[in-house]
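Written out below as structure tokens is the structure these notes cover.
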Amino acid sequence: MPTVAIVSQKGGSGKTTLALHLGAAAAYSGVRSCVIDTDPQATAAAWGDWRGEFLPEVVTSPPARIGATIQKVVKNGVELAVIDTPPHADAAARESVKAADLILVPTRPRAFDLHSLETTAELVGISGKPVWVVLNAVPARASKVIADASAVAEGLGLKVCPVLFGERAAFHRSAATGEVARESDPEGKAAAEVDALWQWVRAQIGLPAGA
Ligand SMILES: Nc1ncnc2c1ncn2[C@@H]1O[C@H](COP(=O)(O)OP(=O)(O)OP(=O)(O)O)[C@@H](O)[C@H]1O
Ligand SMILES: [Mg+2]
């Protein structure tokens, strides 16, 4: 089963936001998805509780059980797993990277975040798996900020995903309301960015294009 790990050693970089939006986008396009929350704070799982029956399914897993959790969800018919990881946690990040076919590293384009990208790059770099930095919460009209952040990532040997997420209220609100951007603001830019990222991800993991 295609498995995407969302990894960044920096707190607040957008891991949970990205994991939940990706999981929901997959579900909306008819791909049965599951978000595996490996963060002891269980932020993604709490979001799942608020949503009740609305997909995607969110399950929690300690790092050592990620493999077993994946086997279990596959048996239940899940077609795509997205693993959310905590910051500053080598075990969860390492095990998630091991389980992944594709690794996404959300990063805010700010000095402190870019500085800590080096630690994440070391952790994911040795895996030999496809790794992409996803620039997140990018301010409007910030082409120089994007270029500078991309140069830092590429200098660390990381590729930069062609789709980025802007700094958007719809993403911020989603944490509080248990909704994803397409539910709270269907015509908004955040929803369009998520859709573009999902189309890009599904091509990366070899799932045929769809809705
Ligand atoms: N693109 C964005 N635009 C606006 N707000 C955002 C964006 N991405 C994330 N946020 C907000 O930033 C905060 C941190 O995001 P999130 O919880 O996804 O980060 P995280 O990497 O999972 O954090 P942690 O490391 O603590 O698990 C949340 O309040 C979230 O709503
Ligand atoms: Mg988180």
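Note on naming: chains are A, B, ... as they come in the structure tokens, residues start from 1 per chain, ligands start from 1 in the order shown.
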
Compile a residue-level contact table for range 49-99 of chain A against range 111-121 of chain A at a cut-off of 12 Å, reporting for every qualifying residue the shortest atom pair and its distance in Å to one decimal, with only C-alpha atoms counted, rows ordered by chain and ascending number, as CSV.
residue,atom,partner,partner_atom,distance
A:Pro87,CA,A:Thr120,CA,9.7
A:His88,CA,A:Thr120,CA,9.5
A:Ala89,CA,A:Thr120,CA,10.6
A:Asp90,CA,A:Thr120,CA,9.6
A:Ala93,CA,A:Thr120,CA,9.1
A:Arg94,CA,A:Thr120,CA,10.3
A:Val97,CA,A:Thr120,CA,11.0

Write out, as a tab-separated table, each residue of chain A that has an atom at most 8 Å from ligand 2, together with the closest pair of atoms and their distance in Å to one decimal, counting only C-alpha atoms and all ligand atoms, rows going by chain and rising number.
residue	atom	partner	partner_atom_place_in_ligand_line	distance
A:Gly11	CA	ligand 2	1 (Mg)	7.3
A:Gly12	CA	ligand 2	1 (Mg)	6.6
A:Gly14	CA	ligand 2	1 (Mg)	6.8
A:Lys15	CA	ligand 2	1 (Mg)	5.2
A:Thr16	CA	ligand 2	1 (Mg)	4.1
A:Thr17	CA	ligand 2	1 (Mg)	7.3
A:Asp39	CA	ligand 2	1 (Mg)	6.9
A:Gln41	CA	ligand 2	1 (Mg)	8.0
A:Ala42	CA	ligand 2	1 (Mg)	7.9
A:Thr43	CA	ligand 2	1 (Mg)	6.1
A:Ala44	CA	ligand 2	1 (Mg)	7.0
A:Asp84	CA	ligand 2	1 (Mg)	6.8
A:Thr85	CA	ligand 2	1 (Mg)	6.6
A:Pro86	CA	ligand 2	1 (Mg)	5.8
A:Pro87	CA	ligand 2	1 (Mg)	7.4

Selection above as a file: C-alpha atoms, as an mmCIF file, in the first residue's frame:
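File written: out26.cif
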data_model
loop_
_atom_site.group_PDB
_atom_site.id
_atom_site.type_symbol
_atom_site.label_atom_id
_atom_site.label_comp_id
_atom_site.auth_asym_id
_atom_site.auth_seq_id
_atom_site.Cartn_x
_atom_site.Cartn_y
_atom_site.Cartn_z
ATOM 1 C CA GLY A 11 7.459 22.032 15.698
ATOM 2 C CA GLY A 12 4.555 23.793 14.033
ATOM 3 C CA GLY A 14 2.483 22.058 9.272
ATOM 4 C CA LYS A 15 2.887 18.256 9.505
ATOM 5 C CA THR A 16 -0.541 17.575 10.948
ATOM 6 C CA THR A 17 -2.258 20.094 8.661
ATOM 7 C CA ASP A 39 2.506 11.896 17.790
ATOM 8 C CA GLN A 41 0.051 14.528 21.577
ATOM 9 C CA ALA A 42 -2.411 12.847 19.183
ATOM 10 C CA THR A 43 -3.452 16.084 17.492
ATOM 11 C CA ALA A 44 -4.528 14.347 14.292
ATOM 12 C CA ASP A 84 1.831 12.142 10.827
ATOM 13 C CA THR A 85 4.906 12.390 13.065
ATOM 14 C CA PRO A 86 5.874 14.479 16.093
ATOM 15 C CA PRO A 87 8.722 17.024 16.121
#

Just the helix (DSSP H, G or I) stuff from range 58-205 of chain A, please, per backbone DSSP, written as number ranges by chain. A: 63-75, 90-99, 111-125, 143-155, 169-177, 181-184, 189-204

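Running DSSP on the backbone gives strand (DSSP E) for these residues within range 10-191 of chain A: Ser33, Cys34, Val35, Ile36, Asp37, Glu57, Val58, Val59, Thr60, Leu80, Ala81, Val82, Ile83, Asp84, Leu102, Ile103, Leu104, Val105, Pro106, Thr107, Val131, Trp132, Val133, Val134, Leu135, Lys159 and Val160 of chain A.
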
Put those residues in a file: C-alpha atoms, as a PDB file, in the first residue's frame.
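Result saved to out_14.pdb:
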ATOM      1  CA  SER A  33      -7.132   6.601   3.106  1.00  0.00           C
ATOM      2  CA  CYS A  34      -5.999   6.431   6.677  1.00  0.00           C
ATOM      3  CA  VAL A  35      -3.965   8.910   8.697  1.00  0.00           C
ATOM      4  CA  ILE A  36      -1.650   7.169  11.153  1.00  0.00           C
ATOM      5  CA  ASP A  37      -0.922   9.511  14.047  1.00  0.00           C
ATOM      6  CA  GLU A  57     -10.039   7.442   9.247  1.00  0.00           C
ATOM      7  CA  VAL A  58      -7.407   8.422  11.832  1.00  0.00           C
ATOM      8  CA  VAL A  59      -5.649   5.816  13.963  1.00  0.00           C
ATOM      9  CA  THR A  60      -2.885   6.248  16.525  1.00  0.00           C
ATOM     10  CA  LEU A  80      -3.267   4.870   1.129  1.00  0.00           C
ATOM     11  CA  ALA A  81      -1.661   5.641   4.488  1.00  0.00           C
ATOM     12  CA  VAL A  82      -0.429   9.065   5.520  1.00  0.00           C
ATOM     13  CA  ILE A  83       1.763   9.042   8.623  1.00  0.00           C
ATOM     14  CA  ASP A  84       1.831  12.142  10.827  1.00  0.00           C
ATOM     15  CA  LEU A 102       7.309   8.964  -0.246  1.00  0.00           C
ATOM     16  CA  ILE A 103       8.440  11.471   2.382  1.00  0.00           C
ATOM     17  CA  LEU A 104       7.138  15.022   2.553  1.00  0.00           C
ATOM     18  CA  VAL A 105       8.873  17.625   4.715  1.00  0.00           C
ATOM     19  CA  PRO A 106       6.657  20.651   5.348  1.00  0.00           C
ATOM     20  CA  THR A 107       8.744  23.720   6.057  1.00  0.00           C
ATOM     21  CA  VAL A 131      11.951  13.136  -0.248  1.00  0.00           C
ATOM     22  CA  TRP A 132      10.346  16.461  -1.089  1.00  0.00           C
ATOM     23  CA  VAL A 133      10.198  19.679   0.882  1.00  0.00           C
ATOM     24  CA  VAL A 134       6.725  21.227   0.820  1.00  0.00           C
ATOM     25  CA  LEU A 135       6.924  24.950   1.495  1.00  0.00           C
ATOM     26  CA  LYS A 159      14.060  18.583  -3.770  1.00  0.00           C
ATOM     27  CA  VAL A 160      11.298  21.161  -3.462  1.00  0.00           C
TER      28      VAL A 160
END

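Ranking A:Ala191, A:Ala100, A:Ala68, A:Ala175 by their shortest atom-to-atom distance to Ile205 in chain A, with only C-alpha atoms included, puts A:Ala100 first.
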
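Each of A:His172, A:Lys144, A:Arg182, A:Arg202 was checked against ligand 1 using only C-alpha atoms and all ligand atoms; the smallest atom-to-atom distance is that of A:His172.
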
Of A:Glu193, A:Asp101, A:Asp185, A:Asp148, the one sitting nearest Pro162 in chain A when using only C-alpha atoms is A:Glu193

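Comparing the minimum interatomic distances between Ala192 in chain A and each of A:Gln204, A:His21, A:Glu122, A:Arg51, counting only C-alpha atoms, we find that A:His21 sits nearest.
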
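Within the 10 Å cut-off around Glu79 in chain A, using only C-alpha atoms and omitting residues fewer than 5 positions from it on the same chain, the listed residues are Met1, Pro2, Thr3, Ala26, Ala27, Gly30, Val31, Arg32, Ser33, Cys34, Val73, Val74 and Leu207 of chain A.
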